[in-house]
Structures are given as structure tokens and as C-alpha cells.
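Structure file upload.cif with mmCIF, C-alpha atoms:
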data_final
#
loop_
_atom_site.label_atom_id
_atom_site.label_comp_id
_atom_site.auth_asym_id
_atom_site.auth_seq_id
_atom_site.Cartn_x
_atom_site.Cartn_y
_atom_site.Cartn_z
CA MET A 186 -40.47 -30.86 18.34
CA LYS A 187 -40.06 -29.05 21.60
CA ASN A 188 -36.98 -27.27 20.20
CA GLU A 189 -39.12 -25.59 17.58
CA GLN A 190 -41.94 -24.57 19.83
CA ILE A 191 -40.13 -22.54 22.44
CA PRO A 192 -37.99 -19.58 21.42
CA LYS A 193 -34.30 -20.00 22.17
CA ILE A 194 -34.27 -16.71 24.02
CA VAL A 195 -36.84 -18.07 26.49
CA ILE A 196 -34.77 -21.20 27.10
CA SER A 197 -31.70 -19.05 27.63
CA ARG A 198 -33.42 -17.19 30.48
CA LEU A 199 -34.42 -20.31 32.42
CA PRO A 200 -30.95 -20.92 33.94
CA ILE A 201 -31.00 -17.36 35.23
CA TYR A 202 -34.38 -17.96 36.84
CA ILE A 203 -33.02 -21.11 38.48
CA GLN A 204 -30.01 -19.18 39.78
CA ALA A 205 -32.23 -16.52 41.33
CA LEU A 206 -34.60 -19.10 42.84
CA ASN A 207 -31.61 -20.89 44.38
CA GLN A 208 -30.51 -17.63 45.94
CA LEU A 209 -34.01 -17.01 47.31
CA LEU A 210 -34.11 -20.50 48.84
CA ARG A 211 -30.79 -19.82 50.55
CA ASP A 212 -32.40 -16.66 51.92
CA ASN A 213 -35.18 -18.87 53.33
CA LYS A 214 -37.92 -17.60 51.06
CA THR A 215 -40.57 -20.09 49.94
CA VAL A 216 -42.87 -18.08 47.68
CA ILE A 217 -42.17 -15.29 45.20
CA SER A 218 -44.30 -13.16 42.88
CA SER A 219 -43.35 -12.56 39.24
CA MET A 220 -43.01 -8.90 40.23
CA GLU A 221 -40.39 -9.61 42.91
CA LEU A 222 -38.55 -12.07 40.70
CA GLY A 223 -38.55 -9.50 37.92
CA GLU A 224 -37.06 -6.89 40.21
CA ILE A 225 -34.24 -9.21 41.21
CA LEU A 226 -33.46 -10.03 37.59
CA GLY A 227 -34.12 -6.71 35.91
CA ILE A 228 -36.83 -8.26 33.73
CA THR A 229 -40.48 -7.19 33.63
CA SER A 230 -42.94 -9.38 35.50
CA SER A 231 -44.99 -9.80 32.33
CA GLN A 232 -41.92 -11.16 30.54
CA ILE A 233 -41.45 -13.71 33.31
CA ARG A 234 -45.10 -14.78 33.20
CA LYS A 235 -44.93 -15.03 29.41
CA ASP A 236 -41.73 -17.10 29.54
CA LEU A 237 -43.17 -19.51 32.08
CA SER A 238 -46.50 -19.79 30.26
CA HIS A 239 -44.68 -21.76 27.54
CA PHE A 240 -44.46 -24.60 30.03
CA GLY A 241 -47.96 -24.43 31.46
CA GLY A 242 -48.88 -22.32 34.45
CA PHE A 243 -46.83 -22.24 37.61
CA GLY A 244 -48.33 -20.61 40.66
CA LYS A 245 -51.76 -19.08 40.97
CA GLN A 246 -52.79 -15.52 40.34
CA GLY A 247 -52.14 -13.48 43.45
CA THR A 248 -50.27 -16.09 45.46
CA GLY A 249 -46.95 -16.12 43.64
CA TYR A 250 -44.76 -19.05 42.76
CA ASP A 251 -43.79 -21.85 45.11
CA ILE A 252 -40.01 -21.49 44.80
CA ILE A 253 -39.06 -25.15 45.25
CA LEU A 254 -41.76 -26.32 42.87
CA LEU A 255 -40.85 -23.79 40.20
CA MET A 256 -37.15 -24.54 40.51
CA GLU A 257 -37.69 -28.28 40.28
CA SER A 258 -39.90 -27.83 37.21
CA LEU A 259 -37.36 -25.62 35.46
CA ARG A 260 -34.58 -28.08 36.29
CA GLU A 261 -36.61 -30.86 34.75
CA ILE A 262 -37.34 -28.82 31.63
CA LEU A 263 -33.63 -28.17 31.16
CA ASN A 264 -32.76 -31.85 31.77
CA LEU A 265 -30.71 -30.97 34.82
CA ASN A 266 -31.72 -33.97 36.91
CA GLN A 267 -28.77 -36.01 35.71
CA ILE A 268 -25.00 -35.77 35.55
CA TRP A 269 -23.65 -34.39 32.25
CA GLN A 270 -20.12 -35.37 31.31
CA ILE A 271 -17.81 -32.83 29.70
CA VAL A 272 -14.50 -33.08 27.88
CA VAL A 273 -12.17 -30.10 27.85
CA VAL A 274 -9.96 -29.55 24.81
CA GLY A 275 -7.13 -27.07 25.30
CA VAL A 276 -5.47 -26.76 28.69
CA GLY A 277 -4.02 -23.27 28.63
CA HIS A 278 -5.08 -20.69 31.21
CA ILE A 279 -8.78 -21.00 30.44
CA GLY A 280 -8.73 -24.79 30.28
CA GLN A 281 -6.93 -24.88 33.61
CA ALA A 282 -9.46 -22.52 35.14
CA LEU A 283 -12.21 -24.87 33.94
CA LEU A 284 -10.46 -27.95 35.35
CA ASN A 285 -10.00 -26.22 38.69
CA TYR A 286 -13.50 -24.73 38.80
CA ASP A 287 -15.40 -26.30 41.68
CA GLY A 288 -18.83 -25.11 40.59
CA PHE A 289 -19.51 -27.84 38.04
CA GLY A 290 -20.01 -30.79 40.35
CA ARG A 291 -22.62 -29.11 42.49
CA LYS A 292 -24.57 -28.19 39.37
CA GLY A 293 -24.52 -31.63 37.78
CA PHE A 294 -21.64 -31.26 35.35
CA GLU A 295 -18.53 -33.39 35.50
CA ILE A 296 -15.32 -32.94 33.53
CA VAL A 297 -14.23 -36.45 32.59
CA ALA A 298 -11.26 -35.80 30.30
CA ALA A 299 -8.91 -33.05 29.15
CA TYR A 300 -6.76 -32.91 26.02
CA ASP A 301 -3.96 -30.71 24.79
CA ASN A 302 -1.23 -30.88 22.16
CA SER A 303 1.57 -29.42 24.29
CA PRO A 304 4.14 -31.70 25.96
CA ALA A 305 4.31 -29.02 28.67
CA VAL A 306 0.91 -30.07 30.03
CA ILE A 307 0.33 -33.60 28.69
CA GLY A 308 0.61 -36.02 31.59
CA LYS A 309 0.02 -33.35 34.24
CA LYS A 310 -2.87 -33.73 36.65
CA ILE A 311 -4.94 -30.55 36.94
CA GLY A 312 -8.03 -30.33 39.10
CA GLY A 313 -7.83 -34.10 39.52
CA ILE A 314 -7.87 -34.78 35.75
CA GLU A 315 -4.85 -36.08 33.87
CA VAL A 316 -4.25 -34.10 30.70
CA LEU A 317 -3.93 -36.40 27.67
CA SER A 318 -2.64 -35.91 24.16
CA VAL A 319 -5.26 -34.63 21.75
CA ASP A 320 -4.11 -37.41 19.40
CA GLN A 321 -5.87 -39.87 21.68
CA MET A 322 -9.10 -37.88 21.79
CA GLU A 323 -11.18 -39.76 19.22
CA GLU A 324 -10.05 -43.14 20.39
CA GLN A 325 -11.15 -42.34 23.92
CA ILE A 326 -14.33 -40.34 23.58
CA CYS A 327 -16.00 -41.48 20.35
CA SER A 328 -17.05 -44.78 21.90
CA LYS A 329 -18.44 -43.11 25.01
CA GLN A 330 -21.71 -41.28 25.33
CA ILE A 331 -20.34 -37.81 25.99
CA ASP A 332 -22.52 -34.93 24.85
CA ILE A 333 -20.65 -31.80 25.87
CA ALA A 334 -17.21 -30.38 25.11
CA ALA A 335 -15.50 -27.16 26.11
CA ILE A 336 -13.16 -25.83 23.43
CA ALA A 337 -10.38 -23.70 24.90
CA VAL A 338 -7.76 -23.88 22.14
CA PRO A 339 -6.34 -20.93 20.16
CA ALA A 340 -8.65 -19.39 17.55
CA GLU A 341 -6.80 -20.92 14.60
CA GLN A 342 -7.33 -24.46 15.88
CA ALA A 343 -10.89 -24.15 17.12
CA GLN A 344 -12.80 -25.11 13.97
CA GLN A 345 -10.68 -28.19 13.36
CA VAL A 346 -11.10 -29.35 16.98
CA CYS A 347 -14.81 -28.63 16.72
CA ASP A 348 -15.15 -30.77 13.57
CA ARG A 349 -13.40 -33.67 15.27
CA LEU A 350 -15.64 -33.42 18.33
CA VAL A 351 -18.82 -33.22 16.28
CA LYS A 352 -17.73 -36.34 14.36
CA CYS A 353 -17.40 -38.06 17.73
CA GLY A 354 -20.98 -37.31 18.64
CA ILE A 355 -20.54 -34.16 20.74
CA LYS A 356 -23.87 -32.32 20.74
CA ALA A 357 -23.12 -29.17 22.73
CA ILE A 358 -20.02 -27.00 22.71
CA LEU A 359 -18.92 -24.36 25.15
CA ASN A 360 -16.66 -22.30 22.93
CA TYR A 361 -13.93 -20.23 24.60
CA ALA A 362 -12.07 -19.58 21.34
CA PRO A 363 -12.79 -16.11 19.95
CA VAL A 364 -14.25 -17.36 16.66
CA ALA A 365 -17.70 -18.32 15.44
CA LEU A 366 -17.77 -22.11 14.98
CA ASP A 367 -19.47 -23.70 12.01
CA VAL A 368 -21.51 -26.70 13.21
CA PRO A 369 -24.45 -28.78 11.96
CA GLU A 370 -27.86 -27.52 13.04
CA SER A 371 -28.25 -30.32 15.55
CA VAL A 372 -25.23 -29.11 17.54
CA GLN A 373 -25.53 -26.34 20.14
CA VAL A 374 -22.75 -23.81 20.55
CA SER A 375 -22.49 -21.35 23.36
CA ALA A 376 -19.74 -18.77 23.07
CA VAL A 377 -17.95 -17.68 26.20
CA ASP A 378 -15.90 -14.71 25.12
CA PRO A 379 -15.19 -11.88 27.57
CA VAL A 380 -14.66 -9.49 24.68
CA LEU A 381 -18.17 -10.15 23.30
CA GLU A 382 -19.59 -9.56 26.77
CA LEU A 383 -17.62 -6.34 27.20
CA GLN A 384 -18.73 -5.10 23.79
CA LYS A 385 -22.37 -5.60 24.79
CA MET A 386 -21.82 -3.19 27.66
CA THR A 387 -19.70 -0.44 26.13
CA TYR A 388 -22.75 0.73 24.17
CA TYR A 389 -24.15 2.02 27.44
CA LEU A 390 -20.91 3.69 28.60
CA LYS A 391 -20.91 7.14 27.12
CA MET B 1369 -32.13 8.28 25.49
CA LYS B 1370 -30.55 5.84 23.10
CA ASN B 1371 -30.55 3.19 25.83
CA GLU B 1372 -34.31 3.24 25.94
CA GLN B 1373 -34.91 3.16 22.23
CA ILE B 1374 -33.05 0.06 21.21
CA PRO B 1375 -33.85 -3.30 22.81
CA LYS B 1376 -31.02 -4.78 24.83
CA ILE B 1377 -31.28 -8.02 22.90
CA VAL B 1378 -30.47 -6.13 19.67
CA ILE B 1379 -27.42 -4.48 21.23
CA SER B 1380 -26.28 -7.87 22.51
CA ARG B 1381 -26.22 -9.25 18.96
CA LEU B 1382 -24.06 -6.47 17.50
CA PRO B 1383 -20.74 -7.82 18.86
CA ILE B 1384 -21.54 -11.16 17.22
CA TYR B 1385 -22.15 -9.38 13.91
CA ILE B 1386 -18.80 -7.62 14.28
CA GLN B 1387 -17.07 -10.91 15.01
CA ALA B 1388 -18.56 -12.52 11.89
CA LEU B 1389 -17.73 -9.49 9.72
CA ASN B 1390 -14.14 -9.62 10.97
CA GLN B 1391 -13.95 -13.25 9.97
CA LEU B 1392 -15.35 -12.45 6.51
CA LEU B 1393 -12.77 -9.70 6.02
CA ARG B 1394 -10.01 -12.14 6.90
CA ASP B 1395 -11.47 -14.42 4.21
CA ASN B 1396 -11.12 -11.51 1.76
CA LYS B 1397 -14.85 -10.91 1.30
CA THR B 1398 -15.97 -7.30 0.78
CA VAL B 1399 -19.76 -7.55 0.49
CA ILE B 1400 -22.31 -9.80 2.19
CA SER B 1401 -26.08 -10.21 2.00
CA SER B 1402 -28.24 -10.45 5.11
CA MET B 1403 -29.06 -13.97 3.92
CA GLU B 1404 -25.41 -15.08 3.92
CA LEU B 1405 -24.69 -13.36 7.21
CA GLY B 1406 -27.76 -15.02 8.69
CA GLU B 1407 -26.54 -18.42 7.56
CA ILE B 1408 -23.17 -17.91 9.21
CA LEU B 1409 -24.77 -16.84 12.47
CA GLY B 1410 -27.81 -19.09 12.58
CA ILE B 1411 -30.13 -16.07 12.61
CA THR B 1412 -32.81 -15.30 10.02
CA SER B 1413 -31.98 -12.64 7.45
CA SER B 1414 -35.10 -10.71 8.40
CA GLN B 1415 -33.88 -10.59 12.01
CA ILE B 1416 -30.58 -9.13 10.85
CA ARG B 1417 -32.28 -6.53 8.68
CA LYS B 1418 -34.61 -5.64 11.55
CA ASP B 1419 -31.72 -5.35 14.01
CA LEU B 1420 -29.74 -3.09 11.69
CA SER B 1421 -32.77 -0.96 10.81
CA HIS B 1422 -32.63 0.44 14.35
CA PHE B 1423 -29.52 2.33 13.29
CA GLY B 1424 -30.68 3.49 9.88
CA GLY B 1425 -30.17 1.47 6.72
CA PHE B 1426 -26.89 -0.11 5.82
CA GLY B 1427 -26.46 -1.45 2.30
CA LYS B 1428 -28.96 -1.25 -0.52
CA GLN B 1429 -31.63 -3.75 -1.45
CA GLY B 1430 -30.11 -6.43 -3.61
CA THR B 1431 -26.47 -5.41 -3.29
CA GLY B 1432 -25.75 -6.58 0.23
CA TYR B 1433 -23.72 -4.86 2.91
CA ASP B 1434 -20.28 -3.34 2.43
CA ILE B 1435 -18.45 -5.33 5.11
CA ILE B 1436 -15.92 -2.68 6.14
CA LEU B 1437 -18.53 0.04 6.26
CA LEU B 1438 -20.96 -2.04 8.29
CA MET B 1439 -18.27 -3.14 10.70
CA GLU B 1440 -17.01 0.40 11.23
CA SER B 1441 -20.55 1.62 11.85
CA LEU B 1442 -21.28 -1.12 14.38
CA ARG B 1443 -17.97 -0.43 16.14
CA GLU B 1444 -18.89 3.21 16.42
CA ILE B 1445 -22.37 2.41 17.74
CA LEU B 1446 -20.82 0.22 20.47
CA ASN B 1447 -18.22 2.88 21.33
CA LEU B 1448 -15.38 0.58 20.37
CA ASN B 1449 -13.18 3.24 18.78
CA GLN B 1450 -11.36 3.90 22.01
CA ILE B 1451 -9.38 1.99 24.63
CA TRP B 1452 -11.45 0.84 27.61
CA GLN B 1453 -9.59 0.26 30.86
CA ILE B 1454 -10.51 -2.67 33.08
CA VAL B 1455 -9.70 -3.63 36.66
CA VAL B 1456 -9.74 -7.27 37.68
CA VAL B 1457 -10.76 -8.17 41.21
CA GLY B 1458 -9.92 -11.70 42.28
CA VAL B 1459 -6.82 -13.38 40.93
CA GLY B 1460 -7.62 -17.09 41.27
CA HIS B 1461 -7.67 -19.33 38.22
CA ILE B 1462 -10.20 -17.23 36.34
CA GLY B 1463 -8.54 -13.93 37.21
CA GLN B 1464 -5.22 -15.32 36.07
CA ALA B 1465 -6.73 -16.53 32.81
CA LEU B 1466 -8.05 -12.99 32.28
CA LEU B 1467 -4.68 -11.39 33.05
CA ASN B 1468 -2.96 -13.75 30.64
CA TYR B 1469 -5.60 -13.47 27.90
CA ASP B 1470 -4.04 -11.82 24.88
CA GLY B 1471 -7.31 -11.07 23.11
CA PHE B 1472 -8.17 -7.88 25.01
CA GLY B 1473 -5.53 -5.55 23.58
CA ARG B 1474 -6.39 -6.23 19.97
CA LYS B 1475 -10.05 -5.52 20.72
CA GLY B 1476 -9.51 -2.24 22.55
CA PHE B 1477 -9.64 -3.42 26.16
CA GLU B 1478 -6.76 -3.00 28.57
CA ILE B 1479 -6.44 -4.48 32.04
CA VAL B 1480 -4.82 -1.76 34.14
CA ALA B 1481 -4.94 -3.22 37.66
CA ALA B 1482 -5.60 -6.45 39.52
CA TYR B 1483 -6.54 -6.94 43.17
CA ASP B 1484 -6.76 -9.91 45.49
CA ASN B 1485 -6.86 -10.51 49.25
CA SER B 1486 -4.48 -13.45 49.32
CA PRO B 1487 -0.80 -12.99 50.31
CA ALA B 1488 -0.11 -15.92 47.96
CA VAL B 1489 -0.70 -13.72 44.92
CA ILE B 1490 -0.33 -10.13 46.16
CA GLY B 1491 2.91 -8.73 44.76
CA LYS B 1492 3.13 -11.29 41.97
CA LYS B 1493 3.25 -10.13 38.37
CA ILE B 1494 0.79 -11.98 36.15
CA GLY B 1495 0.37 -11.19 32.48
CA GLY B 1496 2.48 -8.09 33.05
CA ILE B 1497 0.24 -6.75 35.83
CA GLU B 1498 1.31 -6.62 39.48
CA VAL B 1499 -1.40 -7.99 41.77
CA LEU B 1500 -2.19 -5.55 44.57
CA SER B 1501 -4.02 -5.86 47.86
CA VAL B 1502 -7.74 -5.31 47.55
CA ASP B 1503 -7.39 -2.97 50.55
CA GLN B 1504 -5.75 -0.47 48.21
CA MET B 1505 -8.46 -0.74 45.58
CA GLU B 1506 -10.53 2.34 46.36
CA GLU B 1507 -7.53 4.54 46.95
CA GLN B 1508 -6.17 3.65 43.53
CA ILE B 1509 -9.16 3.44 41.27
CA CYS B 1510 -11.79 5.83 42.65
CA SER B 1511 -9.83 8.84 41.49
CA LYS B 1512 -9.32 7.42 38.00
CA GLN B 1513 -11.84 7.29 35.22
CA ILE B 1514 -12.19 3.53 35.00
CA ASP B 1515 -15.54 2.25 33.78
CA ILE B 1516 -15.20 -1.52 33.70
CA ALA B 1517 -14.38 -4.18 36.27
CA ALA B 1518 -14.18 -7.94 36.09
CA ILE B 1519 -15.24 -9.66 39.32
CA ALA B 1520 -13.61 -13.07 39.72
CA VAL B 1521 -13.88 -13.56 43.48
CA PRO B 1522 -15.74 -16.38 45.28
CA ALA B 1523 -19.53 -16.15 45.27
CA GLU B 1524 -19.75 -15.09 48.92
CA GLN B 1525 -17.57 -12.03 48.36
CA ALA B 1526 -18.93 -10.93 45.01
CA GLN B 1527 -21.72 -8.60 46.16
CA GLN B 1528 -19.49 -6.77 48.61
CA VAL B 1529 -16.76 -6.28 45.99
CA CYS B 1530 -19.43 -5.17 43.53
CA ASP B 1531 -20.76 -2.55 45.96
CA ARG B 1532 -17.28 -1.17 46.49
CA LEU B 1533 -16.63 -0.95 42.76
CA VAL B 1534 -19.94 0.74 42.04
CA LYS B 1535 -19.17 3.31 44.75
CA CYS B 1536 -15.91 3.99 42.91
CA GLY B 1537 -17.74 4.80 39.70
CA ILE B 1538 -17.50 1.48 37.88
CA LYS B 1539 -20.29 1.39 35.28
CA ALA B 1540 -19.95 -2.06 33.75
CA ILE B 1541 -19.17 -5.36 35.42
CA LEU B 1542 -18.10 -8.63 33.92
CA ASN B 1543 -19.23 -11.03 36.62
CA TYR B 1544 -17.48 -14.39 36.87
CA ALA B 1545 -18.88 -15.16 40.31
CA PRO B 1546 -21.82 -17.57 40.14
CA VAL B 1547 -24.30 -15.17 41.76
CA ALA B 1548 -26.69 -12.53 40.49
CA LEU B 1549 -25.31 -9.12 41.50
CA ASP B 1550 -27.55 -6.38 42.78
CA VAL B 1551 -26.57 -3.08 41.14
CA PRO B 1552 -28.15 0.31 40.45
CA GLU B 1553 -29.98 0.57 37.14
CA SER B 1554 -27.22 2.69 35.64
CA VAL B 1555 -24.69 -0.13 36.02
CA GLN B 1556 -24.40 -2.90 33.42
CA VAL B 1557 -23.67 -6.45 34.52
CA SER B 1558 -22.76 -9.26 32.20
CA ALA B 1559 -22.54 -12.70 33.76
CA VAL B 1560 -19.90 -15.09 32.52
CA ASP B 1561 -20.79 -18.39 34.10
CA PRO B 1562 -20.02 -21.63 32.28
CA VAL B 1563 -22.77 -23.39 34.23
CA LEU B 1564 -25.42 -20.97 32.97
CA GLU B 1565 -24.18 -21.49 29.41
CA LEU B 1566 -24.23 -25.26 29.82
CA GLN B 1567 -27.73 -25.17 31.25
CA LYS B 1568 -28.94 -23.26 28.19
CA MET B 1569 -27.80 -26.15 26.03
CA THR B 1570 -28.87 -29.21 28.01
CA TYR B 1571 -32.48 -28.44 27.13
CA TYR B 1572 -31.69 -29.57 23.59
CA LEU B 1573 -29.78 -32.71 24.61
CA LYS B 1574 -32.34 -35.43 25.01
#

Mind converting the file's structure to C-alpha cells?
Amino acid sequence: MKNEQIPKIVISRLPIYIQALNQLLRDNKTVISSMELGEILGITSSQIRKDLSHFGGFGKQGTGYDIILLMESLREILNLNQIWQIVVVGVGHIGQALLNYDGFGRKGFEIVAAYDNSPAVIGKKIGGIEVLSVDQMEEQICSKQIDIAAIAVPAEQAQQVCDRLVKCGIKAILNYAPVALDVPESVQVSAVDPVLELQKMTYYLK
Amino acid sequence: MKNEQIPKIVISRLPIYIQALNQLLRDNKTVISSMELGEILGITSSQIRKDLSHFGGFGKQGTGYDIILLMESLREILNLNQIWQIVVVGVGHIGQALLNYDGFGRKGFEIVAAYDNSPAVIGKKIGGIEVLSVDQMEEQICSKQIDIAAIAVPAEQAQQVCDRLVKCGIKAILNYAPVALDVPESVQVSAVDPVLELQKMTYYLK
């Protein structure tokens, strides 16, 4: 139900709000107005108020938002008060960057397994995780309650890997392969493609 | 002028349309309806028609869009019919993944320089690019007409690197550091942060 009520675009802005609020806390601020928050984020203050109104009011007119309170509420809305386990499929340069990335733990995400099909990396330990053969993937993860996978395989293999993961109960996919994945409606896909990001910006560069 | 007229969210969807159209061409399709395109992308057909109406009509009622024509038009709108040069600052795991990524060239992006402050990587050749000291950055890039930079340095250094790049005339930044960058309004920033992407999806995972 809640998925239908709140526009996806609103949900997609909440992590950015949390990031900014975190930064403000580190700068020892305790209260912020929608105007100030909007200036930091390049969003209008009315957009921020409208976004937050989906979740009931935060903060009173004229006094601004209590930063800790707002951040905690947003974290709860996004189900961030738990550890989310992630499997990484594909351990090329991007997969290795993911395995070595130290930002996940602090934010409540934990890579628990990594798979590849190349003997060159199978058996290696990267970022503390032993890379296993993708042939073992189903056997190992289907029985576990893992919700999230990062796909970092070549484009040609991405859909097949995706299908296997979805069959295993994966519900959210971080897709680093430069292709649009076909998934059931119940599965979330977020594409991380530097080319798509660059193409969003070149429009403004003339 | 054109920046003000068309909502940023519309521009941000155009690369995804191009990606889907590319895929359709590879599957030997020549025409597609907004309905079919919407199904592929998980967007309503009316949203697609509304997005495209910002740029004049493409395709006639009932006959669908000519895929090549639509793709060429969108590429032109996004200024993709040229090579865009990119500098990479920070050559840790993410920077190395960028330097080794073979998807840029085919899409019209070319990494022309890479900088780091660590003697461990300065002088090394990665993905065909020699990593240089960040001390030489301004000297080398300020005089050139480079519009785009990828920032892949630790969070604490990102704003300072960003300021230096903006002073050098960089107009678009792909930001891999997990912080919100403060830039002048004329500069585009696109954040590539796996944690932000994951946090957009966990909302739906309960």
C-alpha cells in the first residue's frame, strides 16, 4: 500500500535529505529551515515541505526542523535501522571497487558474498570477502534471506544473472551493467551507469 | 534559456530513453509505441508522450515512433554528437574502475587525464592513462577546454578538489565522493553513490 501512495521521485530524494542532514549534524547544527535545506540541495523549500508532508508534518512553522528528529524519521521510513546484506555478482574493476568500498558498513549495508566466473579471481579474497564461483551462487544464497544484489557483470550476461538472482528471492538490484534489466514489478532496480549520469549533464553544456 | 524551460527530471529521463532505444535497435525493431516503450521502462506511456512533447512531436498518433529518428533527435538534444573530454581526480578503486571502463569511448566520452596525490599510483599507467600528481592539475587542465570531471577522492577532500576544478572551468562533475558538493549554479553535479541508490530501494523492502 505505502508503495502506491508516495511517488517514487519523493522516495528517491529522501536519501539525499539524510545525507545533507548528516553533514549539518557534523557541522554542529541542530535545527534547519526548509529554506536553508533547499539552498544546500538546490531544491525549492516548497518542494521539501511537500515531500515531507507525505509522511506527516515535521517541525513547526517558523522554527525549522529538528535535524536529529527529522533524520531519524527519514531513516525509519526508508527502513535503514537494520543491516541489509548484499551479494555482489561480477568481480571485475567495479565489483572490486564495491568490495573495497568502506562506506557500506557505516551506512548499514554489508556485502556478504561475491561471485564471478573467472578462475583469475575465484578463490581470491578482496575487501575481506572470498570470491566464489558463480556456479555456487544459487546453492548458497537461495536458502538465505538476502534481499539485495549488485550486478557488475558485462552487459551481455546481466539479464541472465538478474533472472537467476530474482529466482533466488533478490528484491532489489544495484545494476552496474549498461543495460536496462527486465524484472518483475515487485523487484526494484537502480541503475548505476556513469554514462547515463554524464548524459544527463551534457544537455547543459553548450 | 532552454535550461529553464524543460524540467530537470525530464532531461534526466532522456538518457534512459536512448538506452532503451539502442537496445530495441539491436533487437532489430524499427518502430515503437509509447505504450511499448513505457512497458520496457516502467514508465506510463502518457509520461513518455509528455516528456517528448517538450521537444516538439516525434512520431504520429497511432504509428509509433521511428526508433532511429527518435534516438538521433534525443542524442542531439543532449549534445551527444561530439566527444566530451573528462578528467578523473582520485585514482583509488573507483578511479581505477573508471579508467578501465570501456563503455565511455563508444558513448562519446573520453578520459584525457587522471590525477592523484599518492606516490603509490602517480606515474602508473592505468587503462592507458598515466596518473599524474594532483599538484599539476591546474597547470595542465585550466588552459584546455575540458568541461567534465569525475571526483573519486575521499569525502574529506572532495569539496576542495571540486573548488579547484570549478576554478579551472569545469562545468559538470560526476561525484563519487559520498558528500554533497557546493558548486555555483552554473555547474552541474551528478552524484554516483551506491549507498544513496541502495537507500532509495530499501523503502520498498519490508

Quick one: contact table of chain B to chain A, 6 Å max, nearest atom pair and distance in Å to one decimal per residue, counting all atoms listed in the file, chain and number order, as CSV?
residue,atom,partner,partner_atom,distance
B:Ser1380,CA,A:Lys385,CA,5.1
B:Pro1383,CA,A:Leu381,CA,5.6
B:Leu1446,CA,A:Tyr388,CA,4.2
B:Asn1447,CA,A:Tyr388,CA,5.8
B:His1461,CA,A:Ala282,CA,4.8
B:Ile1462,CA,A:Ala282,CA,5.5
B:Ala1465,CA,A:His278,CA,4.8
B:Leu1564,CA,A:Pro200,CA,5.6
B:Gln1567,CA,A:Pro200,CA,6.0
B:Lys1568,CA,A:Ser197,CA,5.1
B:Thr1570,CA,A:Leu263,CA,5.8
B:Tyr1571,CA,A:Leu263,CA,4.2

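This file, filtered with the PyMOL selection byres ((chain B and resi 1400) around 10), gives the residues Leu1389, Leu1392, Lys1397, Thr1398, Val1399, Ser1401, Ser1402, Met1403, Glu1404, Leu1405, Gly1406, Gly1427, Thr1431, Gly1432, Tyr1433, Asp1434, Ile1435 and Leu1438 of chain B.
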
Would you mind listing what lies within 7 Å of region 299-308 of chain A as a PyMOL selection string, with all atoms listed in the file counted and same-chain residues fewer than 6 positions away left out?
chain A and resi 272-276+314-319+322

Explicit residues for the PyMOL selection byres ((chain B and resi 1419) around 10) (as a PyMOL selection string):
chain B and resi 1374-1375+1377-1379+1381-1382+1413-1418+1420-1424

Restrict the selected residues to C-alpha atoms and save them as a tab-separated table (two decimals), in the frame of the given file.
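part-v7.tsv was written with the following content:
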chain	number	residue	atom	x	y	z
B	1374	ILE	CA	-33.05	0.06	21.21
B	1375	PRO	CA	-33.85	-3.30	22.81
B	1377	ILE	CA	-31.28	-8.02	22.90
B	1378	VAL	CA	-30.47	-6.13	19.67
B	1379	ILE	CA	-27.42	-4.48	21.23
B	1381	ARG	CA	-26.22	-9.25	18.96
B	1382	LEU	CA	-24.06	-6.47	17.50
B	1413	SER	CA	-31.98	-12.64	7.45
B	1414	SER	CA	-35.10	-10.71	8.40
B	1415	GLN	CA	-33.88	-10.59	12.01
B	1416	ILE	CA	-30.58	-9.13	10.85
B	1417	ARG	CA	-32.28	-6.53	8.68
B	1418	LYS	CA	-34.61	-5.64	11.55
B	1420	LEU	CA	-29.74	-3.09	11.69
B	1421	SER	CA	-32.77	-0.96	10.81
B	1422	HIS	CA	-32.63	0.44	14.35
B	1423	PHE	CA	-29.52	2.33	13.29
B	1424	GLY	CA	-30.68	3.49	9.88

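Here CA of Val338 (chain A) stands at a distance of 20.2 Å from CA of Pro369 (chain A).
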
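When CA of Val1480 (chain B) is paired with CA of Gln1525 (chain B), their separation reads 21.7 Å.
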
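Our summary of the geometry notes that CA of Gln1528 (chain B) is positioned 24.4 Å from CA of Ile1494 (chain B).
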